[in-house]
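So this one's final-v6.txt, compact mmCIF, C-alpha atoms:
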```
# COMPACT_ATOMS: atom_id res chain seq x y z
CA MET G 1 7.87 -34.04 13.18
CA GLU G 2 8.32 -32.52 9.73
CA LYS G 3 8.56 -28.76 9.79
CA GLN G 4 5.80 -26.98 7.85
CA LYS G 5 7.17 -25.28 4.76
CA THR G 6 6.30 -21.61 4.27
CA ARG G 7 6.13 -20.32 0.72
CA GLN G 8 7.05 -16.73 0.02
CA PHE G 9 6.01 -14.33 -2.77
CA LYS G 10 7.13 -10.73 -3.31
CA LEU G 11 5.93 -7.85 -5.47
CA LYS G 12 7.35 -4.34 -5.66
CA VAL G 13 5.41 -1.75 -7.65
CA ALA G 14 5.42 2.00 -8.12
CA SER G 15 2.88 3.68 -5.84
CA SER G 16 0.43 4.45 -8.64
CA PRO G 17 -3.33 3.77 -8.88
CA GLU G 18 -2.82 2.12 -12.26
CA ASN G 19 -0.87 -0.68 -10.54
CA LEU G 20 -3.82 -1.72 -8.36
CA GLY G 21 -5.00 -4.14 -11.08
CA THR G 22 -1.58 -5.84 -11.10
CA ILE G 23 -1.58 -6.04 -7.30
CA ARG G 24 -5.07 -7.58 -7.24
CA GLU G 25 -4.18 -10.14 -9.88
CA PHE G 26 -1.02 -11.10 -7.95
CA ILE G 27 -2.93 -11.61 -4.69
CA HIS G 28 -5.96 -13.28 -6.28
CA ASP G 29 -3.85 -15.85 -8.16
CA ILE G 30 -1.78 -16.75 -5.09
CA SER G 31 -4.93 -17.09 -2.95
CA LEU G 32 -6.72 -19.31 -5.47
CA ASN G 33 -3.66 -21.49 -6.05
CA ALA G 34 -3.25 -21.84 -2.29
CA GLY G 35 -6.71 -23.37 -2.05
CA PHE G 36 -8.98 -20.50 -0.96
CA ASP G 37 -12.35 -20.53 -2.70
CA SER G 38 -13.15 -17.84 -5.23
CA GLU G 39 -15.21 -15.75 -2.75
CA THR G 40 -12.45 -15.74 -0.12
CA ALA G 41 -9.76 -14.99 -2.72
CA GLY G 42 -11.91 -12.01 -3.71
CA GLN G 43 -12.07 -10.84 -0.08
CA ILE G 44 -8.27 -11.03 0.31
CA GLU G 45 -7.83 -9.21 -3.00
CA LEU G 46 -10.17 -6.40 -1.89
CA ALA G 47 -8.51 -6.04 1.54
CA VAL G 48 -5.09 -5.71 -0.13
CA ASP G 49 -6.48 -3.21 -2.67
CA GLU G 50 -7.83 -1.13 0.25
CA ALA G 51 -4.46 -1.20 2.06
CA CYS G 52 -2.57 -0.19 -1.09
CA THR G 53 -5.16 2.51 -1.90
CA ASN G 54 -4.48 3.99 1.56
CA VAL G 55 -0.73 3.94 0.88
CA ILE G 56 -1.10 5.65 -2.52
CA LYS G 57 -3.53 8.30 -1.21
CA HIS G 58 -2.46 8.96 2.35
CA ALA G 59 1.10 7.69 2.90
CA HIS G 60 2.56 8.71 -0.46
CA LYS G 61 0.07 11.46 -1.38
CA TYR G 62 0.04 10.30 -5.02
CA GLU G 63 3.84 10.56 -5.38
CA TYR G 64 4.28 7.89 -8.01
CA ASP G 65 8.08 7.69 -7.74
CA LYS G 66 7.62 5.97 -4.35
CA SER G 67 7.08 2.24 -4.14
CA ILE G 68 4.88 -0.30 -2.37
CA ASP G 69 6.31 -3.65 -1.28
CA LEU G 70 4.09 -6.68 -0.87
CA LEU G 71 5.23 -9.82 0.88
CA VAL G 72 2.97 -12.87 0.91
CA LEU G 73 3.66 -15.84 3.17
CA LEU G 74 1.70 -19.05 2.75
CA ASP G 75 1.67 -21.95 5.15
CA ALA G 76 -0.73 -24.79 5.84
CA GLN G 77 -2.94 -22.67 8.10
CA LYS G 78 -3.06 -19.20 6.56
CA ILE G 79 -2.04 -16.52 4.12
CA THR G 80 -0.20 -13.51 5.54
CA VAL G 81 0.12 -10.36 3.43
CA THR G 82 2.43 -7.55 4.54
CA ILE G 83 2.33 -4.21 2.75
CA THR G 84 5.22 -1.86 3.37
CA ASP G 85 5.65 1.80 2.50
CA ARG G 86 8.02 4.54 3.55
CA GLY G 87 5.55 7.42 3.59
CA LEU G 88 3.53 9.24 6.22
CA GLY G 89 1.88 7.11 8.86
CA PHE G 90 -1.35 7.85 10.69
CA ASP G 91 -2.93 7.08 14.03
CA VAL G 92 -4.95 3.97 13.32
CA ASN G 93 -6.64 4.24 16.71
CA LYS G 94 -8.36 7.38 15.49
CA VAL G 95 -10.00 5.47 12.65
CA ALA G 96 -13.33 4.49 14.14
CA LYS G 97 -16.06 2.43 12.55
CA PRO G 98 -17.46 4.67 9.83
CA ASP G 99 -20.66 6.58 10.51
CA LEU G 100 -22.17 6.58 7.02
CA GLN G 101 -24.91 9.05 7.86
CA LYS G 102 -22.33 11.55 9.05
CA TYR G 103 -20.05 10.88 6.07
CA ILE G 104 -22.94 11.50 3.68
CA HIS G 105 -23.78 14.74 5.43
CA GLU G 106 -20.17 15.87 5.08
CA ALA G 107 -19.96 14.52 1.49
CA LYS G 108 -16.91 12.59 2.72
CA LYS G 109 -15.61 10.14 0.15
CA GLY G 110 -13.02 8.18 2.14
CA GLY G 111 -12.60 6.46 5.49
CA LEU G 112 -14.16 3.13 4.57
CA GLY G 113 -11.06 1.16 3.61
CA ILE G 114 -9.75 0.22 7.05
CA HIS G 115 -13.21 -0.91 8.14
CA LEU G 116 -13.41 -3.13 5.05
CA MET G 117 -9.94 -4.57 5.71
CA ARG G 118 -10.94 -5.46 9.27
CA SER G 119 -14.23 -6.97 8.11
CA LEU G 120 -12.71 -9.06 5.34
CA MET G 121 -9.58 -10.43 7.06
CA ASP G 122 -9.14 -12.45 10.27
CA GLU G 123 -6.29 -10.29 11.61
CA VAL G 124 -5.12 -6.79 10.69
CA GLN G 125 -2.13 -5.13 12.35
CA PHE G 126 -0.50 -1.78 11.73
CA GLU G 127 3.03 -0.65 12.56
CA PHE G 128 4.03 2.91 11.88
CA ASN G 129 7.41 4.58 11.74
CA PRO G 130 6.59 7.57 9.50
CA GLY G 131 9.10 8.30 6.75
CA VAL G 132 11.09 5.17 7.66
CA LYS G 133 8.81 2.16 7.36
CA ASN G 134 5.08 1.62 7.79
CA GLN G 135 3.57 -1.82 7.58
CA VAL G 136 0.14 -3.35 7.56
CA THR G 137 -0.03 -7.10 8.04
CA MET G 138 -3.23 -9.00 7.30
CA VAL G 139 -3.95 -12.67 7.89
CA LYS G 140 -6.65 -14.96 6.52
CA TYR G 141 -6.91 -18.52 7.81
CA PHE G 142 -8.09 -21.46 5.77
CA LYS G 143 -11.63 -22.18 7.01
CA ASN G 144 -10.81 -25.47 8.70
CA ASN G 145 -7.88 -23.87 10.55
CA LYS G 146 -9.49 -20.76 11.96
CA MET J 1 -8.16 -6.69 -14.55
CA SER J 2 -8.37 -2.94 -14.52
CA GLY J 3 -10.60 -1.55 -17.31
CA PHE J 4 -13.70 0.48 -16.58
CA THR J 5 -16.35 2.10 -18.76
CA VAL J 6 -19.42 4.18 -18.04
CA GLU J 7 -22.21 4.78 -20.54
CA ARG J 8 -25.21 7.03 -20.10
CA SER J 9 -28.75 6.69 -21.32
CA ASP J 10 -31.49 9.23 -20.54
CA LYS J 11 -35.06 7.98 -20.26
CA ASP J 12 -37.36 10.97 -19.84
CA ASP J 13 -36.10 12.76 -16.74
CA ILE J 14 -34.20 9.72 -15.42
CA SER J 15 -30.56 9.14 -16.34
CA VAL J 16 -29.10 5.64 -16.23
CA LEU J 17 -25.35 5.10 -15.92
CA TYR J 18 -24.24 1.65 -17.09
CA ILE J 19 -20.91 0.86 -15.46
CA SER J 20 -18.70 -2.08 -16.36
CA GLY J 21 -15.34 -3.54 -15.39
CA PHE J 22 -13.31 -2.60 -12.34
CA LEU J 23 -14.08 0.46 -10.22
CA ASP J 24 -11.13 1.35 -8.00
CA LEU J 25 -8.89 4.32 -7.14
CA HIS J 26 -7.48 4.25 -10.68
CA THR J 27 -10.78 4.28 -12.55
CA VAL J 28 -12.98 6.23 -10.11
CA PRO J 29 -12.29 9.69 -11.68
CA LYS J 30 -14.14 8.53 -14.83
CA PHE J 31 -17.22 7.57 -12.78
CA GLU J 32 -17.03 10.70 -10.65
CA GLU J 33 -16.94 12.82 -13.81
CA ALA J 34 -20.04 11.07 -15.19
CA VAL J 35 -22.01 11.77 -11.99
CA GLN J 36 -20.68 15.33 -11.82
CA ASN J 37 -21.84 15.92 -15.40
CA LEU J 38 -25.37 14.81 -14.48
CA VAL J 39 -25.39 17.16 -11.48
CA ASN J 40 -24.09 20.02 -13.62
CA GLU J 41 -26.93 19.39 -16.09
CA THR J 42 -29.41 19.29 -13.16
CA HIS J 43 -30.23 15.63 -13.85
CA PHE J 44 -30.86 14.52 -10.30
CA LYS J 45 -32.82 11.31 -10.90
CA ILE J 46 -30.04 8.80 -11.41
CA ILE J 47 -29.96 5.02 -11.75
CA VAL J 48 -26.61 3.23 -11.67
CA ASN J 49 -26.80 -0.15 -13.38
CA PHE J 50 -24.11 -2.51 -12.00
CA GLN J 51 -24.90 -5.49 -14.22
CA LYS J 52 -21.51 -5.51 -15.95
CA LEU J 53 -19.44 -4.32 -12.98
CA ASP J 54 -16.96 -7.00 -11.90
CA TYR J 55 -15.31 -5.27 -8.98
CA ILE J 56 -15.66 -2.29 -6.64
CA SER J 57 -13.46 -0.99 -3.85
CA SER J 58 -14.26 1.68 -1.28
CA ALA J 59 -12.88 4.32 -3.67
CA GLY J 60 -15.92 3.60 -5.87
CA LEU J 61 -18.36 3.61 -2.97
CA GLY J 62 -17.04 7.01 -1.95
CA VAL J 63 -18.59 8.59 -5.05
CA PHE J 64 -22.09 7.70 -3.83
CA MET J 65 -21.36 9.17 -0.43
CA GLY J 66 -19.89 12.30 -1.97
CA PHE J 67 -22.91 13.15 -4.13
CA ILE J 68 -25.99 11.67 -2.48
CA GLU J 69 -26.87 14.50 -0.10
CA GLU J 70 -26.56 17.19 -2.77
CA ILE J 71 -28.73 15.12 -5.13
CA ARG J 72 -31.40 14.43 -2.49
CA GLU J 73 -31.50 18.12 -1.60
CA GLN J 74 -32.54 18.68 -5.20
CA GLU J 75 -35.42 16.18 -4.81
CA GLY J 76 -33.44 13.56 -6.68
CA ASP J 77 -31.85 10.27 -5.73
CA ILE J 78 -29.33 7.66 -6.84
CA VAL J 79 -30.91 4.21 -7.15
CA LEU J 80 -28.55 1.26 -7.57
CA CYS J 81 -29.56 -1.84 -9.46
CA CYS J 82 -28.49 -5.19 -10.91
CA MET J 83 -25.53 -5.87 -8.59
CA SER J 84 -23.76 -9.22 -8.54
CA ASP J 85 -23.65 -10.92 -5.14
CA ARG J 86 -19.95 -10.14 -4.88
CA VAL J 87 -20.42 -6.40 -5.43
CA TYR J 88 -23.51 -6.27 -3.18
CA LYS J 89 -21.54 -7.80 -0.31
CA VAL J 90 -19.11 -4.86 -0.34
CA PHE J 91 -22.00 -2.39 -0.06
CA ASP J 92 -23.59 -4.54 2.62
CA LEU J 93 -20.42 -4.79 4.73
CA LEU J 94 -20.34 -1.00 4.95
CA GLY J 95 -24.02 -0.58 5.77
CA PHE J 96 -25.09 1.01 2.49
CA PRO J 97 -28.42 -0.83 2.14
CA ALA J 98 -29.78 1.19 5.09
CA LEU J 99 -29.08 4.48 3.34
CA PHE J 100 -29.34 3.75 -0.38
CA LYS J 101 -32.05 2.18 -2.52
CA ILE J 102 -30.56 -1.01 -3.95
CA VAL J 103 -32.89 -3.03 -6.17
CA SER J 104 -32.56 -6.11 -8.34
CA ASN J 105 -33.47 -4.75 -11.78
CA GLU J 106 -33.74 -1.53 -13.76
CA GLU J 107 -37.54 -1.62 -13.99
CA GLU J 108 -37.78 -1.66 -10.22
CA ALA J 109 -35.29 1.22 -10.08
CA MET J 110 -37.48 3.25 -12.47
CA GLN J 111 -40.51 2.54 -10.28
CA LYS J 112 -38.70 4.01 -7.25
CA PHE J 113 -38.75 7.38 -9.03
CA ASN J 114 -42.23 7.03 -10.47
CA SER J 115 -43.77 6.07 -7.14
CA ALA J 116 -41.86 8.84 -5.35
CA GLY J 117 -42.97 11.47 -7.93
```
Could you render the structure from this file as structure tokens?
Amino acid sequence: MEKQKTRQFKLKVASSPENLGTIREFIHDISLNAGFDSETAGQIELAVDEACTNVIKHAHKYEYDKSIDLLVLLDAQKITVTITDRGLGFDVNKVAKPDLQKYIHEAKKGGLGIHLMRSLMDEVQFEFNPGVKNQVTMVKYFKNNK
Amino acid sequence: MSGFTVERSDKDDISVLYISGFLDLHTVPKFEEAVQNLVNETHFKIIVNFQKLDYISSAGLGVFMGFIEEIREQEGDIVLCCMSDRVYKVFDLLGFPALFKIVSNEEEAMQKFNSAG
């Protein structure tokens, strides 16, 4: 049997909010070219934006000299996006489903990103080794392969 | 894929913010400043028109959460209108329709204030 070929794409950018547009374009183009429909490519793009926003805000605390690494793997079944940083990690188990009413009462502006990532992607996994390497890996399957 | 603009138009005591482009962590300070200016000027009846907004991430949604209670305490509100399906789905995924008035056009948004007044 012929072995399925996996295609690989990499992007390394400075950890700055102004690079989010470049990151989204990179992910959106790969997703569309891989055969995802426009709506699904938009979902993958948003999930990756949310992950990188978390890195810029929480892991790197807006230190723009740090970098974010994106690795995209494409095979016949799925797209896998891994985002790596070397900043501060956090306890993902403490991030519960957001309680909007409570957030509004506290005028809290964040906390929604991880919930969006989990809603938009089929699989989301975190690995933390603070200061050394933190990774979030997200998978989206092609509809007929899920 | 990263520009964002916000324009304001006051109609009697209602202020409409017309937002366009991409609202993310990079561009959100511009939107936050526009809402903050309205609050500082005690304009608490606010409509945000999303007709020309292509993209929103949770950084943009956070602005609504950050201001809404203060604005409602002042007998005001933020009414959202004219969203594309793509943008609405982001609000919907996070449960916003239960807590915010989201309507299809600006006229309907105006009526929300007129009927409440």
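The space separating atom CA of Lys57 of chain G from atom CA of Phe91 of chain J comes to 21.4 Å.
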>> Only residues of chain J matter here; which ones have an atom within 7 Å of chain G, counting all atoms listed in the file? Give them as an MDAnalysis selection string.
In response: chainID J and resid 1:2 25:26 57:59 62:63 65:69
Write a file of the selected residues as an mmCIF file, in the coordinates of the input, keeping C-alpha atoms.
```cif
data_model
loop_
_atom_site.group_PDB
_atom_site.id
_atom_site.type_symbol
_atom_site.label_atom_id
_atom_site.label_comp_id
_atom_site.auth_asym_id
_atom_site.auth_seq_id
_atom_site.Cartn_x
_atom_site.Cartn_y
_atom_site.Cartn_z
ATOM 1 C CA MET J 1 -8.160 -6.690 -14.550
ATOM 2 C CA SER J 2 -8.370 -2.940 -14.520
ATOM 3 C CA LEU J 25 -8.890 4.320 -7.140
ATOM 4 C CA HIS J 26 -7.480 4.250 -10.680
ATOM 5 C CA SER J 57 -13.460 -0.990 -3.850
ATOM 6 C CA SER J 58 -14.260 1.680 -1.280
ATOM 7 C CA ALA J 59 -12.880 4.320 -3.670
ATOM 8 C CA GLY J 62 -17.040 7.010 -1.950
ATOM 9 C CA VAL J 63 -18.590 8.590 -5.050
ATOM 10 C CA MET J 65 -21.360 9.170 -0.430
ATOM 11 C CA GLY J 66 -19.890 12.300 -1.970
ATOM 12 C CA PHE J 67 -22.910 13.150 -4.130
ATOM 13 C CA ILE J 68 -25.990 11.670 -2.480
ATOM 14 C CA GLU J 69 -26.870 14.500 -0.100
#
```
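Restricting the calculation to all atoms listed in the file, the smallest distance between Lys78 of chain G and any of G:Lys12, G:Lys140, G:His60, G:Arg7 is found for G:Lys140.
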At a cut-off of 12 Å, using all atoms listed in the file, what residues contact Thr40 of chain G? Leave out same-chain residues fewer than 6 positions from it and give the result as a JSON list (two decimals) with C-alpha atoms, keeping the file's coordinate frame.
```json
[["chain", "number", "residue", "atom", "x", "y", "z"],
["G", 27, "ILE", "CA", -2.93, -11.61, -4.69],
["G", 28, "HIS", "CA", -5.96, -13.28, -6.28],
["G", 29, "ASP", "CA", -3.85, -15.85, -8.16],
["G", 30, "ILE", "CA", -1.78, -16.75, -5.09],
["G", 31, "SER", "CA", -4.93, -17.09, -2.95],
["G", 32, "LEU", "CA", -6.72, -19.31, -5.47],
["G", 34, "ALA", "CA", -3.25, -21.84, -2.29],
["G", 46, "LEU", "CA", -10.17, -6.40, -1.89],
["G", 47, "ALA", "CA", -8.51, -6.04, 1.54],
["G", 79, "ILE", "CA", -2.04, -16.52, 4.12],
["G", 120, "LEU", "CA", -12.71, -9.06, 5.34],
["G", 121, "MET", "CA", -9.58, -10.43, 7.06],
["G", 122, "ASP", "CA", -9.14, -12.45, 10.27],
["G", 140, "LYS", "CA", -6.65, -14.96, 6.52],
["G", 141, "TYR", "CA", -6.91, -18.52, 7.81],
["G", 142, "PHE", "CA", -8.09, -21.46, 5.77],
["G", 143, "LYS", "CA", -11.63, -22.18, 7.01],
["J", 86, "ARG", "CA", -19.95, -10.14, -4.88]]
```
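Going from atom CA of Gly35 of chain G to atom CA of Thr82 of chain G covers 19.4 Å.
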> What does the distance from atom CA of Ser67 of chain G to atom CA of Asp85 of chain G come to in Å, to one decimal?
Replying inline: 6.8 Å
>> Report as a PyMOL selection string all protein, DNA and RNA residues lying within 7 Å of segment 40-49 of chain J, evaluated on all atoms listed in the file, omitting residues in the same chain fewer than 2 positions from it.
In response: chain J and resi 13-19+36-38+51+71+74+76-82+109
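Residues in contact with Val81 of chain G at up to 6 Å, not including ones fewer than 2 positions away on its chain and judged by only C-alpha atoms, are Leu71, Val72, Thr137 and Met138 of chain G.
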> Could you name the residues that touch Leu88 of chain G at 12 Å or less, counting all atoms listed in the file, but leaving out those on the same chain fewer than 3 positions away, as an MDAnalysis selection string?
Replying inline: chainID G and resid 54:63 66 84:85 91 127:135
>> My list of candidates is J:Ser115, J:Tyr55, J:Phe31, J:Glu107. Which is closest to Lys11 of chain J when distances are computed with only C-alpha atoms?
In response: J:Glu107
